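Participant: This is the content of coords.cif (mmCIF, N, CA and C atoms):
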```cif
data_query
#
loop_
_atom_site.label_atom_id
_atom_site.label_comp_id
_atom_site.auth_asym_id
_atom_site.auth_seq_id
_atom_site.Cartn_x
_atom_site.Cartn_y
_atom_site.Cartn_z
N MET A 1 0.86 -1.17 0.00
CA MET A 1 0.00 0.00 0.00
C MET A 1 0.90 1.23 0.00
N THR A 2 0.64 2.15 -0.91
CA THR A 2 1.44 3.37 -0.96
C THR A 2 0.98 4.34 0.11
N ASP A 3 1.83 5.31 0.43
CA ASP A 3 1.46 6.33 1.43
C ASP A 3 0.20 7.06 1.02
N GLN A 4 -0.01 7.28 -0.27
CA GLN A 4 -1.20 8.00 -0.72
C GLN A 4 -2.47 7.19 -0.52
N MET A 5 -2.37 5.86 -0.44
CA MET A 5 -3.54 5.02 -0.27
C MET A 5 -3.89 4.81 1.20
N ARG A 6 -2.95 5.03 2.10
CA ARG A 6 -3.21 4.84 3.52
C ARG A 6 -4.08 5.95 4.06
N PRO A 7 -4.98 5.62 4.99
CA PRO A 7 -5.75 6.70 5.61
C PRO A 7 -4.83 7.56 6.48
N SER A 8 -5.20 8.80 6.65
CA SER A 8 -4.44 9.69 7.52
C SER A 8 -4.54 9.21 8.95
N ARG A 9 -3.52 9.49 9.75
CA ARG A 9 -3.59 9.09 11.16
C ARG A 9 -4.38 10.10 11.98
N HIS A 10 -4.85 11.17 11.34
CA HIS A 10 -5.66 12.19 11.99
C HIS A 10 -6.96 12.41 11.21
N ALA A 11 -7.94 12.93 11.89
CA ALA A 11 -9.16 13.38 11.21
C ALA A 11 -9.54 14.71 11.83
N SER A 12 -10.10 15.57 11.01
CA SER A 12 -10.50 16.90 11.47
C SER A 12 -11.91 17.23 11.01
N ILE A 13 -12.54 18.09 11.77
CA ILE A 13 -13.83 18.66 11.36
C ILE A 13 -13.73 20.17 11.51
N ASP A 14 -14.46 20.89 10.68
CA ASP A 14 -14.54 22.34 10.77
C ASP A 14 -15.98 22.71 11.10
N ARG A 15 -16.13 23.65 12.01
CA ARG A 15 -17.46 24.10 12.44
C ARG A 15 -17.40 25.58 12.77
N ASN A 16 -18.56 26.19 12.85
CA ASN A 16 -18.69 27.51 13.45
C ASN A 16 -19.19 27.31 14.86
N VAL A 17 -18.74 28.12 15.79
CA VAL A 17 -19.27 28.09 17.14
C VAL A 17 -20.69 28.66 17.06
N GLU A 18 -21.66 27.83 17.38
CA GLU A 18 -23.06 28.24 17.33
C GLU A 18 -23.49 28.73 18.71
N TRP A 19 -24.62 29.42 18.77
CA TRP A 19 -25.11 29.94 20.05
C TRP A 19 -25.29 28.82 21.06
N VAL A 20 -25.78 27.67 20.62
CA VAL A 20 -25.99 26.52 21.51
C VAL A 20 -24.66 26.01 22.09
N ASP A 21 -23.54 26.33 21.45
CA ASP A 21 -22.21 25.92 21.91
C ASP A 21 -21.65 26.84 22.99
N THR A 22 -22.34 27.94 23.26
CA THR A 22 -21.82 28.93 24.20
C THR A 22 -22.50 28.86 25.55
N ASP A 23 -21.92 29.58 26.51
CA ASP A 23 -22.50 29.61 27.85
C ASP A 23 -23.28 30.91 28.09
N ALA A 24 -23.79 31.49 27.05
CA ALA A 24 -24.60 32.71 27.06
C ALA A 24 -23.78 33.97 27.30
N SER A 25 -22.48 33.84 27.53
CA SER A 25 -21.63 35.02 27.56
C SER A 25 -20.98 35.20 26.20
N GLY A 26 -21.27 34.26 25.30
CA GLY A 26 -20.76 34.36 23.95
C GLY A 26 -19.56 33.48 23.65
N HIS A 27 -18.94 32.88 24.68
CA HIS A 27 -17.81 31.98 24.38
C HIS A 27 -18.22 30.54 24.67
N GLN A 28 -17.41 29.61 24.15
CA GLN A 28 -17.79 28.20 24.18
C GLN A 28 -18.02 27.68 25.60
N HIS A 29 -18.99 26.79 25.69
CA HIS A 29 -19.21 26.04 26.92
C HIS A 29 -18.21 24.90 26.90
N ASN A 30 -17.70 24.50 28.07
CA ASN A 30 -16.66 23.47 28.10
C ASN A 30 -17.11 22.16 27.45
N SER A 31 -18.40 21.83 27.48
CA SER A 31 -18.88 20.59 26.87
C SER A 31 -18.81 20.62 25.34
N SER A 32 -18.79 21.79 24.75
CA SER A 32 -18.74 21.89 23.30
C SER A 32 -17.46 21.29 22.74
N VAL A 33 -16.36 21.48 23.44
CA VAL A 33 -15.08 20.96 22.98
C VAL A 33 -15.17 19.45 22.79
N MET A 34 -15.76 18.73 23.76
CA MET A 34 -15.84 17.27 23.62
C MET A 34 -16.79 16.86 22.50
N ARG A 35 -17.83 17.61 22.24
CA ARG A 35 -18.71 17.27 21.11
C ARG A 35 -17.96 17.41 19.80
N TRP A 36 -17.16 18.47 19.66
CA TRP A 36 -16.38 18.64 18.44
C TRP A 36 -15.34 17.54 18.30
N VAL A 37 -14.69 17.19 19.41
CA VAL A 37 -13.69 16.11 19.38
C VAL A 37 -14.36 14.80 18.98
N GLU A 38 -15.54 14.52 19.53
CA GLU A 38 -16.23 13.28 19.17
C GLU A 38 -16.65 13.28 17.71
N SER A 39 -16.97 14.42 17.14
CA SER A 39 -17.28 14.48 15.71
C SER A 39 -16.05 14.15 14.87
N ALA A 40 -14.90 14.66 15.27
CA ALA A 40 -13.65 14.33 14.56
C ALA A 40 -13.31 12.85 14.73
N GLU A 41 -13.55 12.32 15.92
CA GLU A 41 -13.33 10.88 16.16
C GLU A 41 -14.20 10.05 15.21
N ALA A 42 -15.45 10.44 15.05
CA ALA A 42 -16.36 9.73 14.15
C ALA A 42 -15.83 9.76 12.72
N GLU A 43 -15.29 10.91 12.30
CA GLU A 43 -14.71 11.01 10.96
C GLU A 43 -13.54 10.04 10.80
N LEU A 44 -12.70 9.95 11.83
CA LEU A 44 -11.55 9.04 11.78
C LEU A 44 -12.00 7.60 11.59
N PHE A 45 -12.99 7.17 12.35
CA PHE A 45 -13.42 5.78 12.26
C PHE A 45 -14.28 5.51 11.03
N ARG A 46 -14.91 6.54 10.47
CA ARG A 46 -15.55 6.37 9.16
C ARG A 46 -14.48 6.13 8.09
N ALA A 47 -13.40 6.90 8.16
CA ALA A 47 -12.31 6.74 7.20
C ALA A 47 -11.67 5.36 7.30
N LEU A 48 -11.65 4.80 8.49
CA LEU A 48 -11.10 3.45 8.69
C LEU A 48 -12.12 2.36 8.38
N ASN A 49 -13.34 2.75 8.05
CA ASN A 49 -14.44 1.82 7.77
C ASN A 49 -14.66 0.86 8.94
N LEU A 50 -14.79 1.44 10.14
CA LEU A 50 -15.01 0.66 11.36
C LEU A 50 -16.30 1.11 12.07
N PRO A 51 -17.46 0.90 11.45
CA PRO A 51 -18.70 1.34 12.09
C PRO A 51 -19.00 0.61 13.39
N ASP A 52 -18.44 -0.57 13.59
CA ASP A 52 -18.70 -1.34 14.81
C ASP A 52 -17.90 -0.82 16.01
N TYR A 53 -17.02 0.14 15.78
CA TYR A 53 -16.27 0.75 16.89
C TYR A 53 -17.19 1.50 17.85
N PHE A 54 -18.16 2.25 17.30
CA PHE A 54 -18.94 3.19 18.10
C PHE A 54 -19.76 2.59 19.25
N PRO A 55 -20.46 1.53 19.07
CA PRO A 55 -21.23 1.07 20.23
C PRO A 55 -20.40 0.30 21.25
N SER A 56 -19.07 0.25 21.05
CA SER A 56 -18.26 -0.59 21.93
C SER A 56 -17.04 0.12 22.51
N ALA A 57 -17.06 1.46 22.57
CA ALA A 57 -15.87 2.19 23.01
C ALA A 57 -16.22 3.30 24.00
N PRO A 58 -16.66 2.94 25.20
CA PRO A 58 -16.97 3.98 26.18
C PRO A 58 -15.71 4.71 26.64
N ARG A 59 -15.88 5.98 26.99
CA ARG A 59 -14.79 6.78 27.53
C ARG A 59 -14.48 6.32 28.96
N VAL A 60 -13.20 6.18 29.25
CA VAL A 60 -12.80 5.83 30.62
C VAL A 60 -11.95 6.92 31.25
N HIS A 61 -11.45 7.84 30.42
CA HIS A 61 -10.66 8.96 30.96
C HIS A 61 -10.60 10.05 29.90
N GLN A 62 -10.68 11.30 30.35
CA GLN A 62 -10.42 12.41 29.45
C GLN A 62 -9.75 13.53 30.22
N ALA A 63 -8.85 14.21 29.54
CA ALA A 63 -8.14 15.35 30.13
C ALA A 63 -8.15 16.47 29.10
N ILE A 64 -8.57 17.65 29.53
CA ILE A 64 -8.67 18.79 28.62
C ILE A 64 -7.97 19.99 29.25
N SER A 65 -7.14 20.64 28.46
CA SER A 65 -6.55 21.91 28.86
C SER A 65 -7.11 22.99 27.95
N TYR A 66 -7.59 24.06 28.56
CA TYR A 66 -8.16 25.18 27.82
C TYR A 66 -7.13 26.30 27.78
N ARG A 67 -6.89 26.85 26.58
CA ARG A 67 -5.91 27.93 26.43
C ARG A 67 -6.54 29.25 26.03
N ALA A 68 -7.68 29.20 25.34
CA ALA A 68 -8.29 30.43 24.83
C ALA A 68 -9.79 30.22 24.68
N LYS A 69 -10.51 31.31 24.69
CA LYS A 69 -11.96 31.25 24.47
C LYS A 69 -12.24 31.20 22.98
N LEU A 70 -13.33 30.52 22.65
CA LEU A 70 -13.84 30.49 21.29
C LEU A 70 -15.18 31.20 21.32
N TRP A 71 -15.41 32.08 20.36
CA TRP A 71 -16.55 32.97 20.41
C TRP A 71 -17.64 32.58 19.42
N PHE A 72 -18.87 32.93 19.75
CA PHE A 72 -20.01 32.72 18.87
C PHE A 72 -19.68 33.23 17.48
N GLY A 73 -19.88 32.38 16.47
CA GLY A 73 -19.60 32.73 15.08
C GLY A 73 -18.19 32.41 14.62
N GLN A 74 -17.30 32.08 15.53
CA GLN A 74 -15.91 31.80 15.17
C GLN A 74 -15.80 30.43 14.51
N ARG A 75 -14.95 30.31 13.52
CA ARG A 75 -14.67 29.04 12.86
C ARG A 75 -13.66 28.27 13.70
N ILE A 76 -13.91 26.96 13.87
CA ILE A 76 -12.96 26.12 14.62
C ILE A 76 -12.62 24.89 13.78
N THR A 77 -11.49 24.31 14.10
CA THR A 77 -11.09 23.02 13.54
C THR A 77 -10.71 22.13 14.71
N ALA A 78 -11.38 20.97 14.81
CA ALA A 78 -11.05 19.98 15.83
C ALA A 78 -10.35 18.81 15.14
N THR A 79 -9.20 18.42 15.66
CA THR A 79 -8.40 17.35 15.07
C THR A 79 -8.16 16.28 16.12
N VAL A 80 -8.32 15.02 15.71
CA VAL A 80 -8.13 13.87 16.59
C VAL A 80 -7.17 12.91 15.92
N GLY A 81 -6.26 12.34 16.71
CA GLY A 81 -5.36 11.31 16.21
C GLY A 81 -5.14 10.25 17.27
N ILE A 82 -4.90 9.04 16.83
CA ILE A 82 -4.66 7.94 17.78
C ILE A 82 -3.24 8.06 18.30
N GLN A 83 -3.13 8.16 19.61
CA GLN A 83 -1.84 8.31 20.27
C GLN A 83 -1.28 6.95 20.68
N LYS A 84 -2.17 6.07 21.17
CA LYS A 84 -1.70 4.78 21.68
C LYS A 84 -2.81 3.75 21.55
N LEU A 85 -2.45 2.57 21.06
CA LEU A 85 -3.37 1.45 20.99
C LEU A 85 -2.88 0.40 21.97
N GLY A 86 -3.70 0.12 22.97
CA GLY A 86 -3.38 -0.93 23.93
C GLY A 86 -4.17 -2.19 23.62
N ARG A 87 -4.05 -3.18 24.47
CA ARG A 87 -4.75 -4.45 24.27
C ARG A 87 -6.26 -4.28 24.37
N THR A 88 -6.73 -3.49 25.36
CA THR A 88 -8.17 -3.28 25.57
C THR A 88 -8.57 -1.82 25.55
N SER A 89 -7.62 -0.92 25.34
CA SER A 89 -7.94 0.51 25.36
C SER A 89 -7.21 1.23 24.22
N MET A 90 -7.62 2.46 23.99
CA MET A 90 -7.02 3.30 22.97
C MET A 90 -7.06 4.73 23.47
N THR A 91 -5.99 5.47 23.25
CA THR A 91 -5.92 6.87 23.67
C THR A 91 -5.76 7.75 22.44
N TYR A 92 -6.58 8.81 22.40
CA TYR A 92 -6.53 9.81 21.33
C TYR A 92 -5.94 11.08 21.90
N ALA A 93 -5.22 11.77 21.05
CA ALA A 93 -4.81 13.14 21.37
C ALA A 93 -5.67 14.05 20.48
N PHE A 94 -6.02 15.21 20.99
CA PHE A 94 -6.84 16.13 20.20
C PHE A 94 -6.42 17.56 20.45
N GLU A 95 -6.80 18.41 19.48
CA GLU A 95 -6.67 19.85 19.66
C GLU A 95 -7.84 20.52 18.96
N VAL A 96 -8.24 21.64 19.52
CA VAL A 96 -9.29 22.45 18.91
C VAL A 96 -8.66 23.81 18.64
N PHE A 97 -8.66 24.19 17.38
CA PHE A 97 -8.02 25.41 16.91
C PHE A 97 -9.10 26.42 16.55
N GLY A 98 -8.96 27.62 17.08
CA GLY A 98 -9.88 28.70 16.71
C GLY A 98 -9.25 29.56 15.63
N HIS A 99 -9.98 29.78 14.55
CA HIS A 99 -9.49 30.62 13.46
C HIS A 99 -9.67 32.10 13.85
N PRO A 100 -8.89 33.01 13.25
CA PRO A 100 -9.04 34.42 13.58
C PRO A 100 -10.50 34.88 13.45
N HIS A 101 -10.92 35.69 14.43
CA HIS A 101 -12.33 36.12 14.46
C HIS A 101 -12.43 37.41 15.28
N LEU A 102 -12.98 38.45 14.68
CA LEU A 102 -13.13 39.75 15.34
C LEU A 102 -11.83 40.13 16.03
N GLU A 103 -11.82 40.24 17.36
CA GLU A 103 -10.59 40.63 18.05
C GLU A 103 -9.69 39.44 18.42
N SER A 104 -10.14 38.22 18.14
CA SER A 104 -9.35 37.03 18.46
C SER A 104 -8.38 36.72 17.32
N GLU A 105 -7.12 36.56 17.67
CA GLU A 105 -6.11 36.20 16.67
C GLU A 105 -6.19 34.74 16.27
N GLY A 106 -6.88 33.94 17.06
CA GLY A 106 -6.96 32.51 16.78
C GLY A 106 -5.80 31.77 17.39
N GLY A 107 -5.82 30.47 17.25
CA GLY A 107 -4.78 29.60 17.78
C GLY A 107 -5.40 28.42 18.52
N ILE A 108 -4.55 27.62 19.15
CA ILE A 108 -5.02 26.46 19.89
C ILE A 108 -5.86 26.94 21.07
N ALA A 109 -7.11 26.51 21.12
CA ALA A 109 -8.01 26.90 22.20
C ALA A 109 -8.12 25.82 23.26
N ALA A 110 -7.97 24.55 22.86
CA ALA A 110 -8.06 23.44 23.81
C ALA A 110 -7.28 22.26 23.23
N PHE A 111 -6.74 21.44 24.13
CA PHE A 111 -6.06 20.22 23.71
C PHE A 111 -6.16 19.21 24.84
N GLY A 112 -5.91 17.95 24.51
CA GLY A 112 -5.98 16.94 25.56
C GLY A 112 -5.97 15.53 25.01
N THR A 113 -6.45 14.62 25.85
CA THR A 113 -6.51 13.21 25.47
C THR A 113 -7.84 12.62 25.93
N VAL A 114 -8.23 11.56 25.25
CA VAL A 114 -9.40 10.77 25.60
C VAL A 114 -8.97 9.31 25.51
N THR A 115 -9.29 8.54 26.53
CA THR A 115 -9.03 7.10 26.49
C THR A 115 -10.35 6.37 26.49
N VAL A 116 -10.47 5.41 25.58
CA VAL A 116 -11.66 4.58 25.48
C VAL A 116 -11.24 3.13 25.75
N ALA A 117 -12.20 2.33 26.18
CA ALA A 117 -11.97 0.90 26.38
C ALA A 117 -12.86 0.13 25.43
N HIS A 118 -12.43 -1.05 25.04
CA HIS A 118 -13.26 -1.90 24.18
C HIS A 118 -14.17 -2.75 25.07
N VAL A 119 -15.44 -2.37 25.10
CA VAL A 119 -16.45 -3.09 25.89
C VAL A 119 -17.60 -3.43 24.94
N PRO A 120 -17.53 -4.63 24.34
CA PRO A 120 -18.59 -5.01 23.40
C PRO A 120 -19.95 -5.12 24.08
N SER A 121 -20.99 -4.99 23.29
CA SER A 121 -22.35 -5.12 23.81
C SER A 121 -22.51 -6.44 24.57
N GLY A 122 -23.09 -6.35 25.75
CA GLY A 122 -23.30 -7.53 26.58
C GLY A 122 -22.17 -7.85 27.52
N SER A 123 -21.03 -7.21 27.35
CA SER A 123 -19.88 -7.45 28.23
C SER A 123 -19.91 -6.47 29.40
N LEU A 124 -19.45 -6.92 30.54
CA LEU A 124 -19.36 -6.05 31.71
C LEU A 124 -17.95 -5.55 31.96
N ALA A 125 -17.01 -5.98 31.12
CA ALA A 125 -15.61 -5.60 31.31
C ALA A 125 -14.96 -5.37 29.95
N ALA A 126 -13.84 -4.69 29.96
CA ALA A 126 -13.09 -4.45 28.73
C ALA A 126 -12.50 -5.77 28.23
N LEU A 127 -12.52 -5.92 26.92
CA LEU A 127 -11.97 -7.10 26.25
C LEU A 127 -10.97 -6.64 25.20
N PRO A 128 -10.09 -7.53 24.73
CA PRO A 128 -9.14 -7.13 23.68
C PRO A 128 -9.87 -6.65 22.43
N TRP A 129 -9.24 -5.69 21.75
CA TRP A 129 -9.79 -5.19 20.49
C TRP A 129 -9.82 -6.32 19.48
N PRO A 130 -10.87 -6.41 18.65
CA PRO A 130 -10.92 -7.42 17.60
C PRO A 130 -9.78 -7.21 16.60
N ALA A 131 -9.35 -8.28 15.98
CA ALA A 131 -8.22 -8.23 15.05
C ALA A 131 -8.45 -7.24 13.92
N HIS A 132 -9.67 -7.16 13.37
CA HIS A 132 -9.91 -6.24 12.24
C HIS A 132 -9.75 -4.78 12.66
N MET A 133 -10.07 -4.46 13.93
CA MET A 133 -9.88 -3.09 14.41
C MET A 133 -8.40 -2.79 14.62
N VAL A 134 -7.68 -3.74 15.19
CA VAL A 134 -6.24 -3.56 15.40
C VAL A 134 -5.55 -3.37 14.06
N GLU A 135 -5.90 -4.20 13.09
CA GLU A 135 -5.29 -4.11 11.76
C GLU A 135 -5.58 -2.75 11.12
N ALA A 136 -6.81 -2.28 11.22
CA ALA A 136 -7.17 -0.99 10.63
C ALA A 136 -6.41 0.15 11.29
N VAL A 137 -6.33 0.13 12.61
CA VAL A 137 -5.61 1.20 13.32
C VAL A 137 -4.12 1.14 13.01
N LYS A 138 -3.56 -0.06 12.95
CA LYS A 138 -2.13 -0.20 12.65
C LYS A 138 -1.81 0.18 11.21
N SER A 139 -2.83 0.22 10.33
CA SER A 139 -2.61 0.59 8.93
C SER A 139 -2.43 2.10 8.77
N LEU A 140 -2.72 2.83 9.82
CA LEU A 140 -2.62 4.29 9.72
C LEU A 140 -1.20 4.70 9.41
N GLN A 141 -1.10 5.70 8.59
CA GLN A 141 0.20 6.26 8.24
C GLN A 141 0.87 6.77 9.51
N LEU A 142 2.13 6.41 9.73
CA LEU A 142 2.80 6.79 10.97
C LEU A 142 3.57 8.11 10.87
N ALA A 143 3.65 8.66 9.69
CA ALA A 143 4.34 9.95 9.56
C ALA A 143 3.53 11.03 10.28
N THR A 144 4.23 11.98 10.89
CA THR A 144 3.53 13.05 11.59
C THR A 144 2.98 14.03 10.57
N ARG A 145 1.96 14.77 11.03
CA ARG A 145 1.34 15.80 10.18
C ARG A 145 2.35 16.86 9.83
N SER A 146 2.25 17.36 8.62
CA SER A 146 3.15 18.46 8.25
C SER A 146 2.42 19.77 8.31
#
```
Any chance you could put this one into structure tokens?
Facilitator:
Amino acid sequence: MTDQMRPSRHASIDRNVEWVDTDASGHQHNSSVMRWVESAEAELFRALNLPDYFPSAPRVHQAISYRAKLWFGQRITATVGIQKLGRTSMTYAFEVFGHPHLESEGGIAAFGTVTVAHVPSGSLAALPWPAHMVEAVKSLQLATRS
């Protein structure tokens, strides 16, 4: 498989900060960041053609650092990449970038990690990732973003 045929190891989504994303003072509510990150995560797993990932990957840990406010109407880009694949868990790194808007110069507004566990339907505990998921994740291009 050539590098051009491999899926990217990252996925991104672009959105505008909507009023519903704010805390009524005009800047993003902290929960909005995770919704944008989860949208980028969905794009990544669509690109990997792994629809069975979603009902079996509950969050077990998340850490978010906020650096800047994002304002109503501002364009954002949320990017997610797989940082580590374990036997029963997976950790993503993410960043949310705010594009220049009104008096905001833009830049990284939030970053962090999310860890999920593989808990298939009907299971009460984490189990090893299925081989087809491991293979798909390992097929990701390992070169860093330029």
Participant: Compile the contact shell of Phe97 in chain A as a list in words: residues with an atom at most 10 Å away, counting only C-alpha atoms, same-chain residues fewer than 6 positions apart removed.
Facilitator: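 Answer for this query is Asp14, Ala68, Leu70, Arg75, Ile76, Thr77, Ala78, Thr79, Gly106, Gly107, Ile108, Ala109, Ala110 and Phe111 of chain A.
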Participant: If we count only C-alpha atoms and set the cut-off at 12 Å, which residues sit around Asp21 in chain A, ignoring sequence neighbours fewer than 3 positions away in its own chain? Please answer as an NGL selection string.
Facilitator: :A and (15-18 or 24-36 or 69-74 or 76)
Participant: Can you turn the PyMOL selection byres (((chain A and resi 12 and name CA) around 10) and name CA) into a concrete residue list for this file, as a PyMOL selection string?
Facilitator: chain A and resi 10-11+13-14+36-37+39-44+77-81+94-96
Participant: Quick one: of A:Arg87, A:His118, A:Arg9, A:Arg67, who's nearest to Val137 in chain A, counting only C-alpha atoms?
Facilitator: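 The answer is A:Arg9, which sits nearest to Val137 in chain A.
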Participant: Atom N of Ser89 in chain A to atom C of Val116 in chain A: how many Å, to one decimal?
Facilitator: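 Atom-to-atom, atom N of Ser89 in chain A to atom C of Val116 in chain A, that is 5.4 Å.
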Participant: Going by DSSP on the backbone, which bits of chain A are strand (DSSP E or B)? Write them as a PyMOL selection string, please.
Facilitator: chain A and resi 10-16+22+27-28+59-66+71+75-85+89-98+101+104+107-117
Participant: Kindly save the residues from that selection, with N, CA and C atoms included, as a compact mmCIF listing (two decimals), in the coordinates of the input.
Facilitator:
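Output (out05.txt):
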```txt
# COMPACT_ATOMS: atom_id res chain seq x y z
N HIS A 10 -4.85 11.17 11.34
CA HIS A 10 -5.66 12.19 11.99
C HIS A 10 -6.96 12.41 11.21
N ALA A 11 -7.94 12.93 11.89
CA ALA A 11 -9.16 13.38 11.21
C ALA A 11 -9.54 14.71 11.83
N SER A 12 -10.10 15.57 11.01
CA SER A 12 -10.50 16.90 11.47
C SER A 12 -11.91 17.23 11.01
N ILE A 13 -12.54 18.09 11.77
CA ILE A 13 -13.83 18.66 11.36
C ILE A 13 -13.73 20.17 11.51
N ASP A 14 -14.46 20.89 10.68
CA ASP A 14 -14.54 22.34 10.77
C ASP A 14 -15.98 22.71 11.10
N ARG A 15 -16.13 23.65 12.01
CA ARG A 15 -17.46 24.10 12.44
C ARG A 15 -17.40 25.58 12.77
N ASN A 16 -18.56 26.19 12.85
CA ASN A 16 -18.69 27.51 13.45
C ASN A 16 -19.19 27.31 14.86
N THR A 22 -22.34 27.94 23.26
CA THR A 22 -21.82 28.93 24.20
C THR A 22 -22.50 28.86 25.55
N HIS A 27 -18.94 32.88 24.68
CA HIS A 27 -17.81 31.98 24.38
C HIS A 27 -18.22 30.54 24.67
N GLN A 28 -17.41 29.61 24.15
CA GLN A 28 -17.79 28.20 24.18
C GLN A 28 -18.02 27.68 25.60
N ARG A 59 -15.88 5.98 26.99
CA ARG A 59 -14.79 6.78 27.53
C ARG A 59 -14.48 6.32 28.96
N VAL A 60 -13.20 6.18 29.25
CA VAL A 60 -12.80 5.83 30.62
C VAL A 60 -11.95 6.92 31.25
N HIS A 61 -11.45 7.84 30.42
CA HIS A 61 -10.66 8.96 30.96
C HIS A 61 -10.60 10.05 29.90
N GLN A 62 -10.68 11.30 30.35
CA GLN A 62 -10.42 12.41 29.45
C GLN A 62 -9.75 13.53 30.22
N ALA A 63 -8.85 14.21 29.54
CA ALA A 63 -8.14 15.35 30.13
C ALA A 63 -8.15 16.47 29.10
N ILE A 64 -8.57 17.65 29.53
CA ILE A 64 -8.67 18.79 28.62
C ILE A 64 -7.97 19.99 29.25
N SER A 65 -7.14 20.64 28.46
CA SER A 65 -6.55 21.91 28.86
C SER A 65 -7.11 22.99 27.95
N TYR A 66 -7.59 24.06 28.56
CA TYR A 66 -8.16 25.18 27.82
C TYR A 66 -7.13 26.30 27.78
N TRP A 71 -15.41 32.08 20.36
CA TRP A 71 -16.55 32.97 20.41
C TRP A 71 -17.64 32.58 19.42
N ARG A 75 -14.95 30.31 13.52
CA ARG A 75 -14.67 29.04 12.86
C ARG A 75 -13.66 28.27 13.70
N ILE A 76 -13.91 26.96 13.87
CA ILE A 76 -12.96 26.12 14.62
C ILE A 76 -12.62 24.89 13.78
N THR A 77 -11.49 24.31 14.10
CA THR A 77 -11.09 23.02 13.54
C THR A 77 -10.71 22.13 14.71
N ALA A 78 -11.38 20.97 14.81
CA ALA A 78 -11.05 19.98 15.83
C ALA A 78 -10.35 18.81 15.14
N THR A 79 -9.20 18.42 15.66
CA THR A 79 -8.40 17.35 15.07
C THR A 79 -8.16 16.28 16.12
N VAL A 80 -8.32 15.02 15.71
CA VAL A 80 -8.13 13.87 16.59
C VAL A 80 -7.17 12.91 15.92
N GLY A 81 -6.26 12.34 16.71
CA GLY A 81 -5.36 11.31 16.21
C GLY A 81 -5.14 10.25 17.27
N ILE A 82 -4.90 9.04 16.83
CA ILE A 82 -4.66 7.94 17.78
C ILE A 82 -3.24 8.06 18.30
N GLN A 83 -3.13 8.16 19.61
CA GLN A 83 -1.84 8.31 20.27
C GLN A 83 -1.28 6.95 20.68
N LYS A 84 -2.17 6.07 21.17
CA LYS A 84 -1.70 4.78 21.68
C LYS A 84 -2.81 3.75 21.55
N LEU A 85 -2.45 2.57 21.06
CA LEU A 85 -3.37 1.45 20.99
C LEU A 85 -2.88 0.40 21.97
N SER A 89 -7.62 -0.92 25.34
CA SER A 89 -7.94 0.51 25.36
C SER A 89 -7.21 1.23 24.22
N MET A 90 -7.62 2.46 23.99
CA MET A 90 -7.02 3.30 22.97
C MET A 90 -7.06 4.73 23.47
N THR A 91 -5.99 5.47 23.25
CA THR A 91 -5.92 6.87 23.67
C THR A 91 -5.76 7.75 22.44
N TYR A 92 -6.58 8.81 22.40
CA TYR A 92 -6.53 9.81 21.33
C TYR A 92 -5.94 11.08 21.90
N ALA A 93 -5.22 11.77 21.05
CA ALA A 93 -4.81 13.14 21.37
C ALA A 93 -5.67 14.05 20.48
N PHE A 94 -6.02 15.21 20.99
CA PHE A 94 -6.84 16.13 20.20
C PHE A 94 -6.42 17.56 20.45
N GLU A 95 -6.80 18.41 19.48
CA GLU A 95 -6.67 19.85 19.66
C GLU A 95 -7.84 20.52 18.96
N VAL A 96 -8.24 21.64 19.52
CA VAL A 96 -9.29 22.45 18.91
C VAL A 96 -8.66 23.81 18.64
N PHE A 97 -8.66 24.19 17.38
CA PHE A 97 -8.02 25.41 16.91
C PHE A 97 -9.10 26.42 16.55
N GLY A 98 -8.96 27.62 17.08
CA GLY A 98 -9.88 28.70 16.71
C GLY A 98 -9.25 29.56 15.63
N HIS A 101 -10.92 35.69 14.43
CA HIS A 101 -12.33 36.12 14.46
C HIS A 101 -12.43 37.41 15.28
N SER A 104 -10.14 38.22 18.14
CA SER A 104 -9.35 37.03 18.46
C SER A 104 -8.38 36.72 17.32
N GLY A 107 -5.82 30.47 17.25
CA GLY A 107 -4.78 29.60 17.78
C GLY A 107 -5.40 28.42 18.52
N ILE A 108 -4.55 27.62 19.15
CA ILE A 108 -5.02 26.46 19.89
C ILE A 108 -5.86 26.94 21.07
N ALA A 109 -7.11 26.51 21.12
CA ALA A 109 -8.01 26.90 22.20
C ALA A 109 -8.12 25.82 23.26
N ALA A 110 -7.97 24.55 22.86
CA ALA A 110 -8.06 23.44 23.81
C ALA A 110 -7.28 22.26 23.23
N PHE A 111 -6.74 21.44 24.13
CA PHE A 111 -6.06 20.22 23.71
C PHE A 111 -6.16 19.21 24.84
N GLY A 112 -5.91 17.95 24.51
CA GLY A 112 -5.98 16.94 25.56
C GLY A 112 -5.97 15.53 25.01
N THR A 113 -6.45 14.62 25.85
CA THR A 113 -6.51 13.21 25.47
C THR A 113 -7.84 12.62 25.93
N VAL A 114 -8.23 11.56 25.25
CA VAL A 114 -9.40 10.77 25.60
C VAL A 114 -8.97 9.31 25.51
N THR A 115 -9.29 8.54 26.53
CA THR A 115 -9.03 7.10 26.49
C THR A 115 -10.35 6.37 26.49
N VAL A 116 -10.47 5.41 25.58
CA VAL A 116 -11.66 4.58 25.48
C VAL A 116 -11.24 3.13 25.75
N ALA A 117 -12.20 2.33 26.18
CA ALA A 117 -11.97 0.90 26.38
C ALA A 117 -12.86 0.13 25.43
```
Participant: Hey, what does DSSP flag as alpha helix (DSSP H) within range 8-137 of chain A? Can you give it to me as a list in words?
Facilitator: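 Taking range 8-137 of chain A and keeping alpha helix (DSSP H) only, one gets Asn30, Ser31, Ser32, Val33, Met34, Arg35, Trp36, Val37, Glu38, Ser39, Ala40, Glu41, Ala42, Glu43, Leu44, Phe45, Arg46, Ala47, Ala131, His132, Met133, Val134, Glu135, Ala136 and Val137 of chain A.
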Participant: Which value, in Å to one decimal, gives the distance between atom N of Pro130 in chain A and CA of Ala93 in chain A?
Facilitator: 20.6 Å
Participant: Do you know which residues are at most 9 Å from Leu50 in chain A counting only C-alpha atoms, after dropping those on the same chain fewer than 4 positions away, and could you put them as a ChimeraX atom specification?
Facilitator: /A:45-46,54,132-133,136
Participant: Report, in Å with one decimal, the straight-line distance from CA of Ser65 in chain A to CA of Thr113 in chain A.
Facilitator: 9.3 Å
